[in-house]
>>> print(open('target15.cif').read())   # mmCIF, C-alpha atoms and all ligand atoms
data_upload
#
loop_
_atom_site.group_PDB
_atom_site.id
_atom_site.type_symbol
_atom_site.label_atom_id
_atom_site.label_comp_id
_atom_site.auth_asym_id
_atom_site.auth_seq_id
_atom_site.Cartn_x
_atom_site.Cartn_y
_atom_site.Cartn_z
ATOM 1 C CA MET A 620 11.617 6.227 -18.176
ATOM 2 C CA HIS A 621 11.670 2.559 -19.137
ATOM 3 C CA PRO A 622 10.228 1.933 -22.652
ATOM 4 C CA ASP A 623 7.430 -0.278 -21.218
ATOM 5 C CA GLY A 624 5.949 2.861 -19.715
ATOM 6 C CA GLU A 625 3.546 5.222 -21.444
ATOM 7 C CA ARG A 626 4.251 8.153 -19.134
ATOM 8 C CA VAL A 627 5.649 8.859 -15.694
ATOM 9 C CA LEU A 628 2.893 9.562 -13.187
ATOM 10 C CA PHE A 629 5.102 10.416 -10.192
ATOM 11 C CA THR A 630 8.845 10.968 -10.314
ATOM 12 C CA ARG A 631 11.232 9.675 -7.695
ATOM 13 C CA GLU A 632 11.517 13.220 -6.321
ATOM 14 C CA GLN A 633 7.758 13.729 -6.101
ATOM 15 C CA ILE A 634 7.357 10.423 -4.270
ATOM 16 C CA GLN A 635 10.230 11.075 -1.862
ATOM 17 C CA SER A 636 8.933 14.530 -1.018
ATOM 18 C CA ARG A 637 5.391 13.268 -0.369
ATOM 19 C CA VAL A 638 6.649 10.331 1.719
ATOM 20 C CA ALA A 639 8.721 12.731 3.836
ATOM 21 C CA GLY A 640 5.587 14.811 4.437
ATOM 22 C CA MET A 641 3.565 11.761 5.410
ATOM 23 C CA GLY A 642 6.327 10.642 7.766
ATOM 24 C CA ALA A 643 6.330 14.044 9.467
ATOM 25 C CA GLU A 644 2.555 13.940 9.922
ATOM 26 C CA ILE A 645 2.656 10.425 11.371
ATOM 27 C CA SER A 646 5.541 11.419 13.661
ATOM 28 C CA ARG A 647 3.411 14.216 15.105
ATOM 29 C CA ASP A 648 0.304 12.063 15.517
ATOM 30 C CA TYR A 649 2.139 9.222 17.257
ATOM 31 C CA ARG A 650 4.551 11.344 19.315
ATOM 32 C CA ASP A 651 3.705 9.694 22.638
ATOM 33 C CA LYS A 652 2.374 6.408 21.329
ATOM 34 C CA ASP A 653 3.738 2.921 20.936
ATOM 35 C CA LEU A 654 3.433 2.617 17.148
ATOM 36 C CA LEU A 655 3.199 -0.685 15.313
ATOM 37 C CA ILE A 656 3.360 -0.504 11.514
ATOM 38 C CA ILE A 657 1.698 -3.373 9.646
ATOM 39 C CA GLY A 658 3.007 -3.691 6.081
ATOM 40 C CA ILE A 659 0.966 -5.633 3.546
ATOM 41 C CA LEU A 660 3.175 -7.769 1.320
ATOM 42 C CA LYS A 661 4.395 -7.465 -1.231
ATOM 43 C CA GLY A 662 3.460 -4.134 -2.809
ATOM 44 C CA ALA A 663 3.837 -2.003 0.325
ATOM 45 C CA VAL A 664 7.441 -2.995 1.025
ATOM 46 C CA ILE A 665 9.125 -0.220 -0.961
ATOM 47 C CA PHE A 666 6.854 2.554 0.343
ATOM 48 C CA MET A 667 7.018 1.233 3.879
ATOM 49 C CA SER A 668 10.799 1.106 3.956
ATOM 50 C CA ASP A 669 10.993 4.761 2.890
ATOM 51 C CA LEU A 670 8.119 5.810 5.148
ATOM 52 C CA VAL A 671 9.516 4.330 8.377
ATOM 53 C CA ARG A 672 12.805 6.145 7.823
ATOM 54 C CA ASN A 673 10.832 9.394 7.770
ATOM 55 C CA ILE A 674 9.044 8.648 11.053
ATOM 56 C CA LYS A 675 10.896 10.055 14.018
ATOM 57 C CA VAL A 676 9.321 8.028 16.829
ATOM 58 C CA PRO A 677 10.650 4.589 17.756
ATOM 59 C CA LEU A 678 8.335 2.050 16.177
ATOM 60 C CA CYS A 679 7.967 -1.669 15.525
ATOM 61 C CA PHE A 680 6.897 -3.230 12.263
ATOM 62 C CA ASP A 681 5.378 -6.511 11.220
ATOM 63 C CA PHE A 682 3.991 -7.916 7.968
ATOM 64 C CA MET A 683 0.951 -9.675 6.631
ATOM 65 C CA ALA A 684 0.498 -11.377 3.289
ATOM 66 C CA ILE A 685 -2.979 -11.601 1.845
ATOM 67 C CA SER A 686 -4.333 -13.322 -1.200
ATOM 68 C CA SER A 687 -7.641 -12.887 -2.946
ATOM 69 C CA TYR A 688 -8.954 -16.089 -4.510
ATOM 70 C CA GLY A 689 -8.141 -14.850 -8.022
ATOM 71 C CA ALA A 690 -9.439 -12.136 -10.305
ATOM 72 C CA SER A 691 -12.867 -13.681 -10.908
ATOM 73 C CA THR A 692 -13.688 -13.885 -7.225
ATOM 74 C CA LYS A 693 -12.077 -10.637 -6.191
ATOM 75 C CA SER A 694 -15.400 -8.805 -6.111
ATOM 76 C CA SER A 695 -16.659 -11.345 -3.562
ATOM 77 C CA GLY A 696 -14.231 -9.799 -1.092
ATOM 78 C CA VAL A 697 -13.027 -13.204 0.020
ATOM 79 C CA VAL A 698 -9.393 -13.032 0.983
ATOM 80 C CA ARG A 699 -7.043 -15.476 2.601
ATOM 81 C CA ILE A 700 -4.212 -14.775 5.049
ATOM 82 C CA LEU A 701 -1.020 -16.289 3.649
ATOM 83 C CA LYS A 702 1.182 -14.894 6.411
ATOM 84 C CA ASP A 703 -0.183 -13.550 9.652
ATOM 85 C CA LEU A 704 1.425 -11.131 12.107
ATOM 86 C CA ASP A 705 4.110 -12.608 14.334
ATOM 87 C CA ARG A 706 2.655 -11.087 17.505
ATOM 88 C CA PRO A 707 -0.698 -10.010 18.977
ATOM 89 C CA ILE A 708 -1.659 -6.349 18.535
ATOM 90 C CA GLU A 709 -3.841 -6.034 21.601
ATOM 91 C CA ASN A 710 -3.429 -2.562 23.165
ATOM 92 C CA ARG A 711 -1.002 -1.491 20.428
ATOM 93 C CA HIS A 712 -1.428 1.550 18.196
ATOM 94 C CA ALA A 713 -1.524 -0.184 14.825
ATOM 95 C CA LEU A 714 -1.094 1.502 11.442
ATOM 96 C CA ILE A 715 -1.742 -0.504 8.271
ATOM 97 C CA VAL A 716 0.564 0.504 5.408
ATOM 98 C CA GLU A 717 -0.533 -0.224 1.833
ATOM 99 C CA ASP A 718 0.813 0.805 -1.555
ATOM 100 C CA ILE A 719 -2.616 1.235 -3.165
ATOM 101 C CA VAL A 720 -6.290 1.082 -2.321
ATOM 102 C CA ASP A 721 -8.205 -0.022 -5.377
ATOM 103 C CA THR A 722 -11.573 -1.780 -4.853
ATOM 104 C CA GLY A 723 -11.076 -1.451 -1.091
ATOM 105 C CA LEU A 724 -11.824 -5.140 -0.566
ATOM 106 C CA THR A 725 -8.409 -6.032 0.844
ATOM 107 C CA LEU A 726 -8.445 -3.163 3.294
ATOM 108 C CA ASN A 727 -12.047 -3.719 4.276
ATOM 109 C CA TYR A 728 -11.202 -7.282 5.222
ATOM 110 C CA LEU A 729 -7.992 -6.313 6.990
ATOM 111 C CA VAL A 730 -9.578 -3.586 9.091
ATOM 112 C CA ASP A 731 -12.344 -5.915 10.284
ATOM 113 C CA ASN A 732 -9.882 -8.699 10.981
ATOM 114 C CA LEU A 733 -7.406 -6.514 12.884
ATOM 115 C CA LYS A 734 -10.040 -4.574 14.838
ATOM 116 C CA ALA A 735 -11.258 -7.861 16.272
ATOM 117 C CA ARG A 736 -7.810 -8.343 17.841
ATOM 118 C CA GLY A 737 -8.318 -5.397 20.202
ATOM 119 C CA PRO A 738 -5.670 -2.814 19.202
ATOM 120 C CA ALA A 739 -5.609 0.480 21.151
ATOM 121 C CA SER A 740 -6.156 2.187 17.788
ATOM 122 C CA LEU A 741 -6.137 1.207 14.134
ATOM 123 C CA ARG A 742 -5.460 3.556 11.238
ATOM 124 C CA VAL A 743 -4.728 3.207 7.535
ATOM 125 C CA CYS A 744 -1.919 4.734 5.482
ATOM 126 C CA THR A 745 -1.649 4.278 1.724
ATOM 127 C CA LEU A 746 0.641 5.864 -0.809
ATOM 128 C CA LEU A 747 -1.969 5.726 -3.567
ATOM 129 C CA ASP A 748 -5.741 5.901 -3.643
ATOM 130 C CA LYS A 749 -7.683 4.960 -6.781
ATOM 131 C CA PRO A 750 -11.231 5.996 -5.832
ATOM 132 C CA ALA A 751 -12.662 5.317 -9.315
ATOM 133 C CA SER A 752 -12.473 1.551 -8.769
ATOM 134 C CA ARG A 753 -13.830 1.444 -5.225
ATOM 135 C CA ILE A 754 -16.382 -1.308 -4.493
ATOM 136 C CA VAL A 755 -16.558 -0.956 -0.709
ATOM 137 C CA PRO A 756 -15.970 2.295 1.172
ATOM 138 C CA VAL A 757 -12.881 2.388 3.374
ATOM 139 C CA GLU A 758 -11.560 5.074 5.681
ATOM 140 C CA ILE A 759 -8.054 6.213 4.802
ATOM 141 C CA ASN A 760 -6.241 8.276 7.441
ATOM 142 C CA TYR A 761 -3.060 9.065 5.483
ATOM 143 C CA ASN A 762 -2.974 9.198 1.688
ATOM 144 C CA GLY A 763 -0.072 10.146 -0.558
ATOM 145 C CA PHE A 764 -1.671 10.666 -3.973
ATOM 146 C CA ILE A 765 -4.983 10.147 -5.735
ATOM 147 C CA VAL A 766 -4.432 8.213 -8.977
ATOM 148 C CA PRO A 767 -6.490 7.866 -12.172
ATOM 149 C CA ASN A 768 -8.030 4.560 -13.193
ATOM 150 C CA GLU A 769 -5.047 3.371 -15.236
ATOM 151 C CA PHE A 770 -2.626 0.452 -15.063
ATOM 152 C CA ILE A 771 0.274 1.765 -13.020
ATOM 153 C CA VAL A 772 3.510 0.091 -11.977
ATOM 154 C CA GLY A 773 6.683 0.921 -10.088
ATOM 155 C CA TYR A 774 7.614 1.763 -6.485
ATOM 156 C CA GLY A 775 6.160 -1.539 -5.248
ATOM 157 C CA LEU A 776 3.394 -1.929 -7.809
ATOM 158 C CA ASP A 777 3.777 -4.766 -10.274
ATOM 159 C CA TYR A 778 2.545 -6.257 -13.487
ATOM 160 C CA ASP A 779 3.046 -10.027 -13.386
ATOM 161 C CA GLY A 780 5.560 -9.573 -10.561
ATOM 162 C CA ARG A 781 7.749 -7.085 -12.424
ATOM 163 C CA TYR A 782 8.525 -3.337 -12.172
ATOM 164 C CA ARG A 783 8.232 -3.168 -8.353
ATOM 165 C CA ASN A 784 11.860 -2.030 -8.140
ATOM 166 C CA PHE A 785 11.411 1.148 -10.216
ATOM 167 C CA PRO A 786 11.888 4.268 -8.057
ATOM 168 C CA TYR A 787 9.132 6.126 -9.963
ATOM 169 C CA ILE A 788 5.531 5.274 -10.830
ATOM 170 C CA MET A 789 4.538 5.011 -14.478
ATOM 171 C CA VAL A 790 1.466 4.162 -16.522
ATOM 172 C CA LEU A 791 2.178 0.840 -18.218
ATOM 173 C CA ASN A 792 1.966 0.850 -21.980
ATOM 174 C CA ARG A 793 -0.992 -1.299 -22.995
ATOM 175 C CA LYS A 794 1.078 -3.201 -25.530
ATOM 176 C CA VAL A 795 2.893 -4.795 -22.590
ATOM 177 C CA TYR A 796 -0.221 -6.458 -21.189
ATOM 178 C CA GLU A 797 -1.714 -7.104 -24.603
ATOM 179 C CA ARG A 798 1.442 -8.940 -25.680
ATOM 180 C CA GLY A 799 0.419 -12.139 -23.891
ATOM 181 C CA LYS A 800 -3.144 -12.307 -25.287
HETATM 182 C C1 LIG B 1 -2.615 -4.940 -4.174
HETATM 183 C C2 LIG B 1 -2.296 -3.853 -3.150
HETATM 184 C C3 LIG B 1 -3.377 -4.023 -2.121
HETATM 185 C C4 LIG B 1 -4.543 -4.522 -2.950
HETATM 186 C C5 LIG B 1 -5.459 -3.375 -3.216
HETATM 187 O O1 LIG B 1 -2.051 -6.123 -3.759
HETATM 188 O O2 LIG B 1 -1.024 -4.017 -2.594
HETATM 189 O O3 LIG B 1 -3.034 -4.960 -1.138
HETATM 190 O O4 LIG B 1 -4.042 -5.027 -4.175
HETATM 191 O O5 LIG B 1 -6.505 -3.778 -4.040
HETATM 192 P P1 LIG B 1 -8.002 -3.768 -3.549
HETATM 193 O O6 LIG B 1 -8.281 -2.440 -2.930
HETATM 194 O O7 LIG B 1 -8.736 -3.964 -4.866
HETATM 195 O O8 LIG B 1 -8.240 -4.907 -2.617
HETATM 196 P P2 LIG B 1 -1.932 -7.411 -4.708
HETATM 197 O O9 LIG B 1 -3.078 -8.344 -4.407
HETATM 198 O O10 LIG B 1 -1.772 -6.980 -6.129
HETATM 199 O O11 LIG B 1 -0.619 -8.105 -4.160
HETATM 200 P P3 LIG B 1 0.885 -7.505 -4.099
HETATM 201 O O12 LIG B 1 0.875 -6.410 -3.045
HETATM 202 O O13 LIG B 1 1.712 -8.667 -3.678
HETATM 203 O O14 LIG B 1 1.214 -6.973 -5.465
#
>>> encode(input="target15.cif", output="structure tokens", more="lines below")
Ligand code: PRP
Amino acid sequence: MHPDGERVLFTREQIQSRVAGMGAEISRDYRDKDLLIIGILKGAVIFMSDLVRNIKVPLCFDFMAISSYGASTKSSGVVRILKDLDRPIENRHALIVEDIVDTGLTLNYLVDNLKARGPASLRVCTLLDKPASRIVPVEINYNGFIVPNEFIVGYGLDYDGRYRNFPYIMVLNRKVYERGK
């Protein structure tokens, strides 16, 4: 493990095995359906790229980028679309792919926004669920792991833009984020 980490939460092997299982489940559920995966930039990119290679039905994917108006206004639930989907999702079977559901505000907004576009179905897949910090309830259809309320990085998750490339997920040592204070 990198020295900025306090402990490894999920190893590369644990993640890969869980992602394979999720891919198999999604493959079964969407066997006869025209699946459109919607990845939420940037955190979901790593998970999504592994997940889609474990899904055995032909699928399409697209991306959205979302921004909250900053930490102080996050609890307001106001988010802004920085990059929208390239195509309409009307009559498509859409599956949102996230790396983590934290307060639930991002997902709550996304689900409302995408439902209004008339998809044939809309489901949610996240690698990680942190229920301890939930502010609004959200329905998750596929979840990889429940995580404790700690600062975690790796496998798409960042601190100040870094650590997304790590193939494992670790709890960040607090001295790393206290350094800049
Ligand atoms: C993270 C994560 C989710 C969101 C979850 O994204 O990827 O999109 O926060 O948090 P919430 O449940 O409290 O809304 P972030 O805004 O950190 O952007 P990033 O994916 O580019 O790192």
>>> residues_near_point(input="target15.cif", point="(5.1, 10.9, -5.0)", cutoff="10 Å", atoms="all atoms listed in the file", output="PyMOL selection string")
chain A and resi 628-639+746-747+763-764+774+786-788
>>> residues_near_ligand(input="target15.cif", ligand="ligand LIG 1 (chain B)", cutoff="8 Å", atoms="only C-alpha atoms and all ligand atoms", output="MDAnalysis selection string")
chainID A and resid 659:663 684:687 693 696 717:727 752:753 775:777 780
>>> closest_residue(input="target15.cif", among="A:Leu655, A:Ala739, A:Leu733, A:Leu670", to="A:Ala643", atoms="only C-alpha atoms")
A:Leu670
>>> atom_distance(input="target15.cif", atom1="atom CA of A:Phe680", atom2="atom CA of A:Asp779")
26.8 Å
>>> residues_around(input="target15.cif", residues="A:Lys652", least_positions_apart="2", cutoff="12 Å", atoms="only C-alpha atoms", output="list in words")
Ile645, Ser646, Arg647, Asp648, Tyr649, Arg650, Leu654, Leu655, Lys675, Val676, Pro677, Leu678, Cys679, Asn710, Arg711, His712, Ala713, Leu714, Ala739 and Ser740 of chain A
>>> residues_near_point(input="target15.cif", point="(-7.2, 4.7, -15.4)", cutoff="10 Å", atoms="all atoms listed in the file", output="PyMOL selection string")
chain A and resi 749+751-752+766-771+790
>>> atom_distance(input="target15.cif", atom1="atom CA of A:Lys702", atom2="atom CA of A:Tyr728")
14.6 Å
>>> atom_distance(input="target15.cif", atom1="atom CA of A:Ile674", atom2="atom CA of A:Tyr761")
13.3 Å
